[in-house]
file model-v1.txt (compact mmCIF, C-alpha atoms)
# COMPACT_ATOMS: atom_id res chain seq x y z
CA MET A 12 31.31 -7.37 -43.80
CA LYS A 13 30.11 -7.84 -40.24
CA LYS A 14 27.23 -5.56 -39.25
CA LEU A 15 28.04 -3.18 -36.40
CA VAL A 16 25.98 -3.66 -33.25
CA PRO A 17 24.29 -0.40 -32.19
CA VAL A 18 25.29 0.51 -28.64
CA VAL A 19 23.68 3.02 -26.28
CA GLU A 20 25.90 4.11 -23.40
CA LEU A 21 24.94 5.82 -20.15
CA LYS A 22 27.11 7.20 -17.37
CA LEU A 23 25.29 7.48 -14.05
CA PRO A 24 26.54 9.28 -10.95
CA ILE A 25 25.79 7.52 -7.67
CA LEU A 26 22.82 9.60 -6.58
CA PRO A 27 19.38 8.54 -5.31
CA ASN A 28 17.03 7.06 -7.92
CA MET A 29 19.50 7.43 -10.84
CA GLU A 30 18.51 3.87 -11.79
CA LEU A 31 15.28 5.34 -13.18
CA ILE A 32 17.28 7.10 -15.90
CA ALA A 33 18.52 3.67 -16.95
CA THR A 34 15.00 2.23 -17.01
CA GLN A 35 13.70 5.13 -19.11
CA THR A 36 16.47 4.49 -21.62
CA ALA A 37 15.71 0.76 -21.55
CA GLU A 38 12.04 1.47 -22.33
CA VAL A 39 12.97 3.53 -25.38
CA ILE A 40 15.27 0.78 -26.61
CA ALA A 41 12.66 -1.91 -25.92
CA ASN A 42 10.13 0.07 -27.97
CA HIS A 43 12.67 0.44 -30.77
CA MET A 44 13.24 -3.33 -30.72
CA ASP A 45 9.49 -3.99 -30.60
CA LEU A 46 9.79 -5.99 -27.38
CA SER A 47 6.63 -6.89 -25.49
CA GLU A 48 5.52 -4.90 -22.47
CA GLU A 49 6.31 -7.96 -20.35
CA GLN A 50 9.88 -8.17 -21.64
CA SER A 51 10.37 -4.44 -21.29
CA GLY A 52 9.22 -4.57 -17.67
CA GLU A 53 11.53 -7.49 -16.90
CA ILE A 54 14.53 -5.68 -18.39
CA SER A 55 13.73 -2.52 -16.41
CA MET A 56 13.32 -4.40 -13.13
CA ALA A 57 16.56 -6.34 -13.62
CA LEU A 58 18.32 -3.12 -14.53
CA ILE A 59 17.06 -1.37 -11.38
CA GLU A 60 18.46 -4.18 -9.24
CA ALA A 61 21.80 -4.26 -11.06
CA CYS A 62 22.15 -0.48 -10.70
CA ILE A 63 21.26 -0.56 -7.00
CA ASN A 64 23.83 -3.29 -6.41
CA ALA A 65 26.42 -1.22 -8.24
CA PHE A 66 25.50 1.93 -6.29
CA GLU A 67 25.35 0.28 -2.88
CA HIS A 68 27.90 -2.48 -2.91
CA SER A 69 30.72 -1.16 -5.05
CA LYS A 70 31.80 1.08 -2.13
CA THR A 71 33.03 3.78 -4.44
CA GLU A 72 31.87 7.20 -5.58
CA ASN A 73 32.85 6.52 -9.19
CA ASN A 74 30.22 6.61 -11.91
CA VAL A 75 28.36 3.51 -13.03
CA PHE A 76 28.34 2.79 -16.77
CA ILE A 77 25.53 1.06 -18.62
CA HIS A 78 25.86 -0.28 -22.14
CA PHE A 79 22.88 -1.48 -24.15
CA LEU A 80 23.91 -3.64 -27.12
CA ILE A 81 21.06 -3.88 -29.62
CA GLU A 82 21.56 -7.19 -31.39
CA GLU A 83 19.28 -8.71 -34.01
CA ASP A 84 17.97 -11.44 -31.76
CA SER A 85 18.63 -10.06 -28.28
CA LEU A 86 19.28 -7.07 -26.08
CA ILE A 87 22.43 -7.24 -23.97
CA VAL A 88 22.72 -4.87 -21.02
CA LYS A 89 26.04 -4.40 -19.22
CA VAL A 90 26.17 -2.64 -15.86
CA ILE A 91 29.75 -1.72 -15.04
CA ASP A 92 31.03 -0.33 -11.78
CA GLN A 93 34.55 0.47 -10.65
CA GLY A 94 34.13 -0.72 -7.10
CA ILE A 95 35.78 -3.28 -4.89
CA GLY A 96 34.13 -6.29 -6.54
CA PHE A 97 32.30 -9.20 -4.93
CA ASP A 98 32.40 -12.97 -4.75
CA LYS A 99 29.14 -14.32 -6.18
CA THR A 100 29.69 -17.71 -4.55
CA LYS A 101 29.35 -16.02 -1.15
CA VAL A 102 25.98 -14.50 -1.97
CA GLU A 103 23.19 -16.52 -0.34
CA ILE A 104 20.06 -17.25 -2.35
CA PRO A 105 17.31 -15.60 -0.29
CA LYS A 106 14.10 -17.36 0.71
CA ILE A 107 11.24 -15.52 2.31
CA GLU A 108 10.70 -18.45 4.72
CA ASN A 109 14.15 -17.76 6.14
CA LYS A 110 13.50 -14.07 6.53
CA ILE A 111 10.05 -13.80 8.11
CA GLY A 112 9.96 -14.11 11.89
CA LYS A 113 13.63 -14.92 12.15
CA ASN A 114 15.31 -11.61 12.89
CA GLU A 115 16.99 -11.87 9.49
CA ARG A 116 17.83 -8.94 7.25
CA LYS A 117 14.93 -8.65 4.80
CA ARG A 118 17.01 -7.31 1.91
CA GLY A 119 19.39 -9.11 -0.47
CA TRP A 120 17.10 -10.05 -3.38
CA GLY A 121 18.87 -8.29 -6.24
CA LEU A 122 20.80 -11.16 -7.82
CA GLN A 123 17.87 -13.56 -7.56
CA LEU A 124 15.55 -11.09 -9.30
CA ILE A 125 18.07 -10.37 -12.05
CA GLN A 126 18.55 -14.09 -12.72
CA ALA A 127 14.81 -14.80 -12.67
CA LEU A 128 13.91 -11.96 -15.02
CA MET A 129 16.63 -12.21 -17.68
CA ASP A 130 17.44 -15.06 -20.09
CA SER A 131 21.10 -15.19 -19.09
CA VAL A 132 23.30 -13.33 -16.64
CA GLU A 133 27.08 -13.30 -16.25
CA PHE A 134 29.16 -11.68 -13.53
CA GLU A 135 32.79 -10.66 -13.89
CA SER A 136 34.29 -9.17 -10.75
CA ASN A 137 37.70 -8.36 -9.36
CA GLY A 138 39.24 -5.75 -7.09
CA GLU A 139 38.85 -3.08 -9.77
CA GLY A 140 35.17 -3.46 -10.46
CA THR A 141 32.22 -5.59 -11.49
CA THR A 142 30.47 -6.07 -14.81
CA VAL A 143 27.04 -7.66 -14.86
CA THR A 144 26.04 -8.78 -18.35
CA MET A 145 22.33 -9.50 -18.76
CA LYS A 146 20.72 -10.82 -21.91
CA LYS A 147 17.09 -10.80 -23.01
CA ASN A 148 16.31 -12.85 -26.10
CA ILE A 149 13.75 -11.48 -28.51
CA LYS A 150 10.71 -13.72 -28.66
CA ASN A 151 9.38 -14.37 -32.15
CA MET B 1 1.23 13.16 3.37
CA ASN B 2 4.35 11.59 1.80
CA GLY B 3 4.53 11.89 -1.99
CA PHE B 4 4.32 8.13 -2.36
CA ILE B 5 1.06 7.93 -0.42
CA LYS B 6 -1.73 9.29 -2.58
CA SER B 7 -4.55 8.62 -0.14
CA THR B 8 -5.70 6.47 2.77
CA LYS B 9 -9.22 5.39 3.70
CA GLU B 10 -11.00 2.74 5.70
CA THR B 11 -13.56 0.27 4.37
CA ASN B 12 -15.01 -2.62 6.38
CA LYS B 13 -12.30 -2.17 9.05
CA ILE B 14 -9.62 -2.45 6.37
CA VAL B 15 -7.10 0.36 5.92
CA ILE B 16 -6.67 1.03 2.21
CA ILE B 17 -3.52 2.87 1.16
CA GLU B 18 -3.29 4.19 -2.39
CA THR B 19 0.26 4.59 -3.64
CA GLU B 20 1.73 6.65 -6.43
CA GLY B 21 5.22 6.46 -7.94
CA TYR B 22 8.35 4.45 -7.27
CA LEU B 23 8.28 1.90 -4.43
CA ASN B 24 11.84 2.37 -3.22
CA ASN B 25 13.11 2.58 0.36
CA GLU B 26 11.37 5.92 0.94
CA GLY B 27 8.10 4.67 -0.51
CA GLY B 28 8.29 1.50 1.57
CA GLU B 29 9.00 3.48 4.73
CA ALA B 30 6.04 5.76 4.02
CA VAL B 31 3.76 2.71 3.81
CA SER B 32 5.23 1.11 6.92
CA ALA B 33 4.85 4.33 8.92
CA ILE B 34 1.11 4.35 8.21
CA CYS B 35 0.74 0.62 8.87
CA TYR B 36 2.61 0.74 12.19
CA GLU B 37 0.61 3.78 13.31
CA LYS B 38 -2.66 2.02 12.46
CA ILE B 39 -1.49 -1.23 14.09
CA ASN B 40 -0.85 0.74 17.28
CA GLU B 41 -4.42 2.02 17.03
CA GLY B 42 -5.70 -1.56 16.82
CA GLN B 43 -6.05 -2.07 13.06
CA ASN B 44 -4.72 -5.30 11.55
CA LYS B 45 -6.00 -5.46 7.96
CA PHE B 46 -4.37 -3.48 5.18
CA LEU B 47 -4.72 -3.20 1.42
CA LEU B 48 -2.42 -1.40 -0.97
CA ASN B 49 -3.97 0.01 -4.13
CA MET B 50 -0.88 0.09 -6.35
CA ALA B 51 -2.48 1.34 -9.57
CA GLY B 52 -0.13 4.32 -9.55
CA THR B 53 3.02 2.31 -8.89
CA LYS B 54 4.52 0.87 -12.05
CA VAL B 55 8.09 0.61 -10.77
CA VAL B 56 9.44 -1.01 -7.61
CA ASN B 57 12.80 -2.08 -6.28
CA SER B 58 13.67 -4.92 -3.95
CA ILE B 59 14.52 -2.57 -1.09
CA GLY B 60 11.03 -1.10 -1.11
CA VAL B 61 9.46 -4.56 -1.41
CA SER B 62 11.65 -5.78 1.49
CA ILE B 63 9.95 -3.20 3.67
CA LEU B 64 6.61 -4.82 2.78
CA ILE B 65 8.12 -8.08 4.10
CA GLU B 66 8.82 -6.27 7.38
CA ILE B 67 5.17 -5.17 7.49
CA ILE B 68 4.02 -8.76 6.86
CA GLU B 69 6.22 -9.88 9.76
CA LYS B 70 4.81 -7.19 12.03
CA LEU B 71 1.26 -8.14 11.06
CA GLN B 72 1.89 -11.77 12.04
CA GLU B 73 2.37 -10.53 15.61
CA VAL B 74 -1.16 -9.06 15.66
CA ASP B 75 -2.87 -11.78 13.61
CA GLY B 76 -3.18 -9.32 10.77
CA LYS B 77 -3.19 -9.44 6.97
CA ILE B 78 -2.06 -7.36 4.04
CA GLY B 79 -3.07 -7.57 0.41
CA TYR B 80 -2.51 -5.67 -2.83
CA TYR B 81 -4.57 -4.86 -5.90
CA ASN B 82 -4.21 -3.09 -9.24
CA LEU B 83 -0.66 -4.40 -9.61
CA ALA B 84 1.33 -3.81 -12.80
CA PRO B 85 2.38 -7.19 -14.28
CA ILE B 86 6.07 -6.68 -13.44
CA VAL B 87 5.20 -5.71 -9.86
CA SER B 88 3.10 -8.85 -9.52
CA LYS B 89 5.94 -10.92 -10.96
CA THR B 90 8.43 -9.36 -8.55
CA PHE B 91 6.17 -10.16 -5.58
CA ASN B 92 5.99 -13.75 -6.81
CA ILE B 93 9.74 -14.14 -7.22
CA MET B 94 10.37 -12.70 -3.75
CA GLY B 95 7.71 -14.95 -2.23
CA LEU B 96 5.38 -12.25 -0.90
CA THR B 97 2.42 -14.10 -2.35
CA LYS B 98 3.04 -16.94 0.14
CA TYR B 99 2.35 -14.59 3.06
CA SER B 100 0.02 -11.98 1.57
CA SER B 101 -2.65 -11.78 -1.12
CA VAL B 102 -2.86 -10.26 -4.57
CA PHE B 103 -6.27 -9.24 -5.91
CA GLU B 104 -7.45 -7.79 -9.19
CA THR B 105 -9.88 -5.13 -7.95
CA GLU B 106 -10.75 -3.23 -4.78
CA GLU B 107 -14.08 -5.05 -4.48
CA GLU B 108 -12.39 -8.44 -4.74
CA ALA B 109 -9.71 -7.32 -2.26
CA VAL B 110 -12.14 -5.97 0.35
CA ASN B 111 -14.24 -9.14 0.15
CA GLY B 112 -11.31 -11.53 -0.05
CA LEU B 113 -8.80 -10.29 2.50
call {"tool": "encode", "arguments": {"input": "model-v1.txt", "output": "structure tokens"}}
result
Amino acid sequence: MKKLVPVVELKLPILPNMELIATQTAEVIANHMDLSEEQSGEISMALIEACINAFEHSKTENNVFIHFLIEEDSLIVKVIDQGIGFDKTKVEIPKIENKIGKNERKRGWGLQLIQALMDSVEFESNGEGTTVTMKKNIKN
Amino acid sequence: MNGFIKSTKETNKIVIIETEGYLNNEGGEAVSAICYEKINEGQNKFLLNMAGTKVVNSIGVSILIEIIEKLQEVDGKIGYYNLAPIVSKTFNIMGLTKYSSVFETEEEAVNGL
């Protein structure tokens, strides 16, 4: 019989700094999974950015849902919003050289940070919402 | 004093700002307010002691990029010390370390900036 994957679910209202509730939960789960401090920090940082994107860019007042799937060899974190969606191909990869001294908006780093900090990231988005699925493999 | 700013002091003509808590947009704006005020008074060297800041977001860090840009106009510099590993990693990914300096300790920072 297939073993059930333990899942922790959070529902966050779009209010300032609610992403910190998600990071506190992630820390507890990381401790449970015996992840390193480095991995725990990377998961928390990626989660902050995914939550902020969901809060800011979904253009909705609906709640944001976060699912932590505790697998044997990895932690999968899904950040789900019910917003207007986005086209990842239209998101520019930021470079600091293009931002300093060039009257450019300094923000827009979220996706790059998420991709740099997690082992894999998938985006599913349509007019009814976006799901960001981030995976951190457990190092032996 | 804003809740994010724990203290400020001056050493060797360097303004040292000690932070505490989450570097988000409000935290970043609190730092930039002090930096811009001091720049207007003629200061151009700044250090952030981030021992009390274990969590950041990219919006707060983006405000540090604005400060770096402003400091370029006055031939100034900014550096950071006592960074948590994930904060240091975030600064690296965003490229801040190309335009500003990370140090281990206050002594190293004051001598090296």
call {"tool": "interface_residues", "arguments": {"input": "model-v1.txt", "of": "chain B", "to": "chain A", "cutoff": "6 Å", "atoms": "all atoms listed in the file", "output": "VMD selection string"}}
result
chain B and resid 62 69 86 95
call {"tool": "atom_distance", "arguments": {"input": "model-v1.txt", "atom1": "atom CA of Ile67 of chain B", "atom2": "atom CA of Ala84 of chain B"}}
result
20.7 Å
call {"tool": "atom_distance", "arguments": {"input": "model-v1.txt", "atom1": "atom CA of Tyr36 of chain B", "atom2": "atom CA of Ser7 of chain B"}}
result
16.3 Å
call {"tool": "closest_residue", "arguments": {"input": "model-v1.txt", "among": "A:Glu133, A:Asp45, A:Glu83, A:Asp98", "to": "His68 of chain A", "atoms": "all atoms listed in the file"}}
result
A:Asp98
call {"tool": "atom_distance", "arguments": {"input": "model-v1.txt", "atom1": "atom CA of Ile77 of chain A", "atom2": "atom CA of Phe134 of chain A"}}
result
14.2 Å
call {"tool": "residues_near_point", "arguments": {"input": "model-v1.txt", "point": "(1.2, 1.0, -4.3)", "cutoff": "7 Å", "atoms": "all atoms listed in the file", "output": "tab-separated table (two decimals) with C-alpha atoms, keeping the file's coordinate frame"}}
result
chain	number	residue	atom	x	y	z
B	18	GLU	CA	-3.29	4.19	-2.39
B	19	THR	CA	0.26	4.59	-3.64
B	20	GLU	CA	1.73	6.65	-6.43
B	48	LEU	CA	-2.42	-1.40	-0.97
B	49	ASN	CA	-3.97	0.01	-4.13
B	50	MET	CA	-0.88	0.09	-6.35
B	51	ALA	CA	-2.48	1.34	-9.57
B	52	GLY	CA	-0.13	4.32	-9.55
B	53	THR	CA	3.02	2.31	-8.89
call {"tool": "residues_around", "arguments": {"input": "model-v1.txt", "residues": "Ile63 of chain B", "least_positions_apart": "5", "cutoff": "8 Å", "atoms": "all atoms listed in the file", "output": "list of chain:residue names"}}
result
A:Lys117, B:Asn25, B:Gly28, B:Glu29, B:Ser32
call {"tool": "write_last_selection", "arguments": {"input": "model-v1.txt", "atoms": "C-alpha atoms", "output": "PDB file, keeping the file's coordinate frame"}}
result
ATOM      1  CA  LYS A 117      14.930  -8.650   4.800  1.00  0.00           C
TER       2      LYS A 117
ATOM      3  CA  ASN B  25      13.110   2.580   0.360  1.00  0.00           C
ATOM      4  CA  GLY B  28       8.290   1.500   1.570  1.00  0.00           C
ATOM      5  CA  GLU B  29       9.000   3.480   4.730  1.00  0.00           C
ATOM      6  CA  SER B  32       5.230   1.110   6.920  1.00  0.00           C
TER       7      SER B  32
END
call {"tool": "closest_residue", "arguments": {"input": "model-v1.txt", "among": "B:Ile93, B:Leu83, B:Ile68, B:Val15", "to": "Ile104 of chain A", "atoms": "all atoms listed in the file"}}
result
B:Ile93
call {"tool": "residues_around", "arguments": {"input": "model-v1.txt", "residues": "Lys13 of chain B", "least_positions_apart": "6", "cutoff": "10 Å", "atoms": "only C-alpha atoms", "output": "ChimeraX atom specification"}}
result
/B:43-46,110
call {"tool": "residues_around", "arguments": {"input": "model-v1.txt", "residues": "Val31 of chain B", "least_positions_apart": "3", "cutoff": "8 Å", "atoms": "only C-alpha atoms", "output": "PyMOL selection string"}}
result
chain B and resi 5+17+27-28+34-35
call {"tool": "write_last_selection", "arguments": {"input": "model-v1.txt", "atoms": "C-alpha atoms", "output": "PDB file, keeping the file's coordinate frame"}}
result
ATOM      1  CA  ILE B   5       1.060   7.930  -0.420  1.00  0.00           C
ATOM      2  CA  ILE B  17      -3.520   2.870   1.160  1.00  0.00           C
ATOM      3  CA  GLY B  27       8.100   4.670  -0.510  1.00  0.00           C
ATOM      4  CA  GLY B  28       8.290   1.500   1.570  1.00  0.00           C
ATOM      5  CA  ILE B  34       1.110   4.350   8.210  1.00  0.00           C
ATOM      6  CA  CYS B  35       0.740   0.620   8.870  1.00  0.00           C
TER       7      CYS B  35
END
call {"tool": "axis_aligned_box", "arguments": {"input": "model-v1.txt", "around": "segment 83-102 of chain B", "padding_each_side": "4 Å", "output": "JSON"}}
result
{"center_x": 3.8, "center_y": -10.4, "center_z": -5.6, "size_x": 21.2, "size_y": 21.1, "size_z": 25.3}
call {"tool": "decode", "arguments": {"input": "model-v1.txt", "residues": "segment 41-52 of chain B", "atoms": "all heavy atoms", "output": "short mmCIF file (atom, residue, chain, number, x, y, z; two decimals), in the first residue's frame"}}
result
data_model
loop_
_atom_site.label_atom_id
_atom_site.label_comp_id
_atom_site.auth_asym_id
_atom_site.auth_seq_id
_atom_site.Cartn_x
_atom_site.Cartn_y
_atom_site.Cartn_z
N GLU B 41 23.97 65.76 4.94
CA GLU B 41 24.86 66.42 5.91
C GLU B 41 26.34 66.26 5.53
O GLU B 41 27.22 66.70 6.25
CB GLU B 41 24.64 65.81 7.31
CG GLU B 41 23.28 66.14 7.91
CD GLU B 41 23.00 65.37 9.20
OE1 GLU B 41 23.90 64.64 9.67
OE2 GLU B 41 21.87 65.48 9.70
N GLY B 42 26.59 65.56 4.41
CA GLY B 42 27.96 65.43 3.92
C GLY B 42 28.62 64.08 4.16
O GLY B 42 29.77 63.86 3.78
N GLN B 43 27.90 63.16 4.77
CA GLN B 43 28.48 61.82 5.00
C GLN B 43 28.37 60.99 3.72
O GLN B 43 27.42 61.15 2.96
CB GLN B 43 27.70 61.08 6.10
CG GLN B 43 27.65 61.81 7.42
CD GLN B 43 28.86 61.50 8.29
OE1 GLN B 43 29.84 60.92 7.82
NE2 GLN B 43 28.81 61.91 9.54
N ASN B 44 29.34 60.09 3.50
CA ASN B 44 29.22 59.23 2.31
C ASN B 44 29.69 57.79 2.54
O ASN B 44 29.84 57.02 1.60
CB ASN B 44 29.93 59.85 1.11
CG ASN B 44 31.44 59.85 1.26
OD1 ASN B 44 31.96 59.53 2.33
ND2 ASN B 44 32.13 60.20 0.19
N LYS B 45 29.93 57.43 3.80
CA LYS B 45 30.30 56.03 4.10
C LYS B 45 29.34 55.46 5.14
O LYS B 45 29.13 56.07 6.20
CB LYS B 45 31.74 55.96 4.62
CG LYS B 45 32.77 56.21 3.54
CD LYS B 45 34.16 55.98 4.09
CE LYS B 45 35.19 56.17 3.00
NZ LYS B 45 36.56 56.05 3.54
N PHE B 46 28.81 54.29 4.82
CA PHE B 46 27.79 53.69 5.68
C PHE B 46 28.07 52.20 5.87
O PHE B 46 28.50 51.51 4.95
CB PHE B 46 26.40 53.86 5.06
CG PHE B 46 25.97 55.29 4.96
CD1 PHE B 46 26.34 56.06 3.86
CD2 PHE B 46 25.23 55.88 5.96
CE1 PHE B 46 25.96 57.40 3.77
CE2 PHE B 46 24.84 57.22 5.88
CZ PHE B 46 25.21 57.98 4.78
N LEU B 47 27.80 51.74 7.08
CA LEU B 47 27.86 50.30 7.36
C LEU B 47 26.55 49.88 8.02
O LEU B 47 26.02 50.62 8.86
CB LEU B 47 29.01 49.98 8.31
CG LEU B 47 30.42 49.97 7.70
CD1 LEU B 47 31.47 49.87 8.81
CD2 LEU B 47 30.57 48.81 6.71
N LEU B 48 26.07 48.72 7.64
CA LEU B 48 24.91 48.15 8.32
C LEU B 48 25.35 46.95 9.13
O LEU B 48 25.94 46.01 8.59
CB LEU B 48 23.85 47.68 7.30
CG LEU B 48 23.23 48.71 6.36
CD1 LEU B 48 22.07 48.06 5.60
CD2 LEU B 48 22.75 49.92 7.11
N ASN B 49 25.11 47.02 10.44
CA ASN B 49 25.32 45.86 11.31
C ASN B 49 24.01 45.09 11.33
O ASN B 49 23.03 45.52 11.95
CB ASN B 49 25.70 46.33 12.71
CG ASN B 49 25.80 45.19 13.69
OD1 ASN B 49 25.61 44.02 13.32
ND2 ASN B 49 26.08 45.50 14.94
N MET B 50 23.98 43.95 10.64
CA MET B 50 22.71 43.23 10.45
C MET B 50 22.61 41.99 11.33
O MET B 50 21.90 41.03 10.99
CB MET B 50 22.52 42.90 8.97
CG MET B 50 22.47 44.16 8.11
SD MET B 50 22.10 43.87 6.38
CE MET B 50 20.36 43.46 6.46
N ALA B 51 23.30 42.02 12.47
CA ALA B 51 23.26 40.86 13.38
C ALA B 51 21.83 40.52 13.80
O ALA B 51 21.49 39.36 14.01
CB ALA B 51 24.12 41.13 14.60
N GLY B 52 21.00 41.54 13.93
CA GLY B 52 19.63 41.31 14.39
C GLY B 52 18.63 41.09 13.28
O GLY B 52 17.42 41.04 13.52
#
